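Q: Below are the structure tokens for one structure; questions will follow.
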Amino acid sequence: MTERDLLWLKRTLELARRAIPTLVEPNPPVGAVIARGEHLLGEGYHQRFGGAHAEIEALRAVKDPNLLPAATLYVSLEPCCHVGKKTPPCVPEIISAGIRRVVVGCADPNPAVNGQGIQALRAAGIEVLMAPDPKPFLALLRHFRTNILFQRPYITLKWAQTSVTGTLGERGYIGSRRQGRWAISGFWGRVWGHRLRTHHSHIAVGYRTWRIDSPALTARYFPGESPKSIIFYDPRRGIPAEADERFVPLEQPLLLTFQKLYVQHKVGSILVEGGAALLNQLLAADLYDEVHVLMRIGAATPPEPVEAPLMPALRWRRLRLAPDEVVWIGRH
């Protein structure tokens, strides 16, 4: 493994980050580069669920296929070798292209692959090297890994609350019982929140929050694709009169609802933004993967205030967005 190999691998991460969750998930974001020494021959990333994988995009970008036997393929995720999906496996395409050297960021956590793609390449006489540090590549696969291992979407909980000091675990208020759209986030809080929306394929709120607040649930303050909306409702109270394809019954156990969303509707990730009852249900069921809490220091207390959920015991890190806005981010 050379310094040049590491630089080209870094480029695969940059390409993989271009993948748009609403278009790619539940597939993983993957980037690929084909280079000969310091010369780039082709590159690409997985752009759409059911579309060409990153390796194929990179192969198609190479103008002179005669250069491939002397080139190296760099890919952020182990090439796939299994069938029964929307696209054919990448390993046979790599072998037939004549590539003799492959450098991989990390192994595929999918049990249908999980090292088998690497074995198949090596069995064909191709040299395969693994990145010395797979962590940055695995970090890109958080959503995908949860999908594969737990058969459900990756779930992020997010809320904004009033605050006095912005300290970890401080209790505050999330909104008003009688007045919809009680603004807590400032400008930079909105930018941060909308950026977070672009990192998920779907966004969800409870029916009461949707009815009272009429939230747009779009990424207006940050460039990127807005997630698709989901409105959860309690089936014991009947189907809402306004129900359309966005409305989903929140069945018990909660895990069943989310597994159906993944298996039947290919929902790869969900950002749940409220209301408090829905957030508390998911927290109580330990059905989440990360939590984002925006604290607005000095924000006015709403009339008939609704208490914010209690922040769970997680590994937290703190971001300062503005003098009066702090974000706490926690992951399992």
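In the structure tokens, chains take letters A, B, ... by order of appearance, with residues numbered from 1 within each chain and ligands from 1 in the order shown.
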Quick one: residues within 6 Å of A:Ala219, only C-alpha atoms, excluding same-chain residues fewer than 3 positions away - as a ChimeraX atom specification?

A: /A:194,222,226

Q: Just want the 12 Å neighbourhood of stretch 276-282 of chain A, counted on only C-alpha atoms, with same-chain residues fewer than 5 positions away dropped. Output as a PyMOL selection string.

A: chain A and resi 155-161+172-177+204-210+231-234+250-255+257-258+271+287-293+305-312

Q: Can you pull out the residues contacting A:Arg220? Cut-off 10 Å, using only C-alpha atoms, and skip same-chain residues under 3 positions away; I want them as a compact mmCIF listing (two decimals) with C-alpha atoms, in the first residue's frame.

A:
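Output (result-v7.txt):
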# COMPACT_ATOMS: atom_id res chain seq x y z
CA ARG A 190 -32.58 25.83 10.74
CA VAL A 191 -29.60 25.48 8.41
CA HIS A 194 -32.22 21.13 7.03
CA ARG A 195 -28.73 19.83 6.33
CA ARG A 197 -32.74 16.31 6.47
CA ALA A 216 -43.21 21.60 5.21
CA LEU A 217 -40.61 18.91 6.07
CA PRO A 223 -28.84 22.71 -0.83
CA GLY A 224 -29.75 19.09 -1.41
CA GLU A 225 -32.60 16.68 -1.95
CA SER A 226 -35.52 16.91 0.46

Q: What is the atom CA of A:Thr198-atom CA of A:His46 distance in Å, reported with one decimal?

A: 16.8 Å

Q: Using Å and a single decimal, report how far atom CA of A:Glu43 sits from atom CA of A:Glu57.

A: 6.8 Å

Q: Near A:Ala123, within 12 Å and counting only C-alpha atoms, which residues show up once chain neighbours fewer than 5 positions away are dropped, as a compact mmCIF listing (two decimals) with N, CA and C atoms, in the first residue's frame?

A:
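And here's result_29.txt as it stands now:
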# COMPACT_ATOMS: atom_id res chain seq x y z
N VAL A 91 -18.19 -8.13 -9.50
CA VAL A 91 -16.94 -8.90 -9.58
C VAL A 91 -16.70 -9.47 -10.98
N PRO A 92 -17.66 -10.13 -11.62
CA PRO A 92 -17.40 -10.64 -12.98
C PRO A 92 -17.04 -9.53 -13.97
N ILE A 95 -13.39 -8.59 -13.41
CA ILE A 95 -12.50 -9.64 -13.93
C ILE A 95 -12.43 -9.56 -15.46
N ARG A 100 -6.06 -5.97 -12.84
CA ARG A 100 -5.25 -6.94 -12.11
C ARG A 100 -4.98 -6.54 -10.67
N GLN A 116 -16.72 -12.41 0.36
CA GLN A 116 -16.79 -13.31 -0.79
C GLN A 116 -16.38 -12.62 -2.09
N GLY A 117 -16.67 -11.32 -2.19
CA GLY A 117 -16.25 -10.58 -3.37
C GLY A 117 -14.73 -10.50 -3.47
N ILE A 118 -14.09 -10.28 -2.33
CA ILE A 118 -12.63 -10.23 -2.28
C ILE A 118 -12.04 -11.60 -2.62
N VAL A 128 -5.58 -8.04 -4.33
CA VAL A 128 -6.54 -7.24 -3.58
C VAL A 128 -5.90 -6.77 -2.29

Q: Have a look at A:Leu121, A:Leu256, A:Ile184, A:Leu129 and name the one nearest to A:Met1; count only C-alpha atoms.

A: A:Leu129

Q: So which bits of stretch 7-70 of chain A end up alpha helix (DSSP H) when you DSSP the backbone, as a list in words?

A: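 Reading the DSSP output for stretch 7-70 of chain A, alpha helix (DSSP H) covers Leu7, Trp8, Leu9, Lys10, Arg11, Thr12, Leu13, Glu14, Leu15, Ala16, Pro21, Thr22, Leu23, Val24, Ala54, Glu55, Ile56, Glu57, Ala58, Leu59, Arg60 and Ala61 of chain A.
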
Q: Which of stretch 12-170 of chain A end up as strand (DSSP E or B) when DSSP is run on this backbone - answer as a ChimeraX atom specification?

A: /A:31-36,39-45,72-75,101-104,127-130,154-163

Q: I'd like to know which of A:Arg142, A:Val164, A:Ile230, A:Ala35 is closest to A:Asp244, using only C-alpha atoms.

A: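 Closest to A:Asp244 of all the choices is A:Ile230.
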
Q: One decimal, Å: what's the distance from atom CA of A:Ile94 over to atom CA of A:Ala19, could you say?

A: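 Atom CA of A:Ala19 lies at a distance of 21.7 Å from atom CA of A:Ile94.
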
Q: For each of A:Ser201, A:Ser269, A:Thr167, A:Ser229, take the minimum atom-to-atom distance to A:Arg296, counting only C-alpha atoms, then give the residue where this is smallest.

A: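 Of all the options, A:Thr167 lies closest to A:Arg296.
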
Q: Skipping near chain neighbours, those fewer than 2 positions away, what residues fall within 10 Å of A:Arg48 using only C-alpha atoms, listed as a list in words?

A: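 Listing them by chain and then by number gives Ala19, Ile20, Pro21, Thr22, Leu23, Val24, Glu25, Asn27, Pro29, Tyr45, His46, Gly50, Gly51, Ala52 and His53 of chain A.
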
Q: Take the selection from the previous step and output its residues with N, CA and C atoms, as a compact mmCIF listing (two decimals), in the first residue's frame.

A:
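Contents of out_18.txt, freshly written:
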# COMPACT_ATOMS: atom_id res chain seq x y z
N ALA A 19 -23.50 10.64 -3.10
CA ALA A 19 -24.73 9.85 -3.23
C ALA A 19 -25.85 10.52 -2.43
N ILE A 20 -27.03 10.62 -3.02
CA ILE A 20 -28.18 11.27 -2.40
C ILE A 20 -29.07 10.19 -1.76
N PRO A 21 -29.28 10.25 -0.44
CA PRO A 21 -30.03 9.19 0.24
C PRO A 21 -31.38 8.88 -0.38
N THR A 22 -32.13 9.92 -0.79
CA THR A 22 -33.46 9.67 -1.35
C THR A 22 -33.40 8.88 -2.65
N LEU A 23 -32.27 8.92 -3.34
CA LEU A 23 -32.13 8.23 -4.62
C LEU A 23 -31.44 6.88 -4.48
N VAL A 24 -30.54 6.75 -3.52
CA VAL A 24 -29.69 5.56 -3.42
C VAL A 24 -30.22 4.52 -2.43
N GLU A 25 -30.67 4.98 -1.27
CA GLU A 25 -31.04 4.04 -0.22
C GLU A 25 -32.24 3.19 -0.62
N ASN A 27 -29.65 1.04 -0.76
CA ASN A 27 -28.28 0.67 -1.13
C ASN A 27 -27.28 1.58 -0.44
N PRO A 29 -23.87 4.11 -0.07
CA PRO A 29 -23.13 5.06 -0.90
C PRO A 29 -21.73 4.49 -1.18
N TYR A 45 -19.67 7.01 -8.96
CA TYR A 45 -20.30 6.63 -7.69
C TYR A 45 -21.69 6.12 -7.97
N HIS A 46 -22.24 5.37 -7.02
CA HIS A 46 -23.58 4.81 -7.16
C HIS A 46 -24.58 5.95 -7.02
N GLY A 50 -31.02 0.68 -8.02
CA GLY A 50 -31.35 -0.01 -9.24
C GLY A 50 -30.48 0.37 -10.41
N GLY A 51 -29.65 1.42 -10.24
CA GLY A 51 -28.74 1.87 -11.30
C GLY A 51 -27.37 1.23 -11.16
N ALA A 52 -26.47 1.59 -12.07
CA ALA A 52 -25.13 1.01 -12.08
C ALA A 52 -24.39 1.30 -10.77
N HIS A 53 -23.62 0.31 -10.32
CA HIS A 53 -22.81 0.49 -9.12
C HIS A 53 -21.58 1.33 -9.45
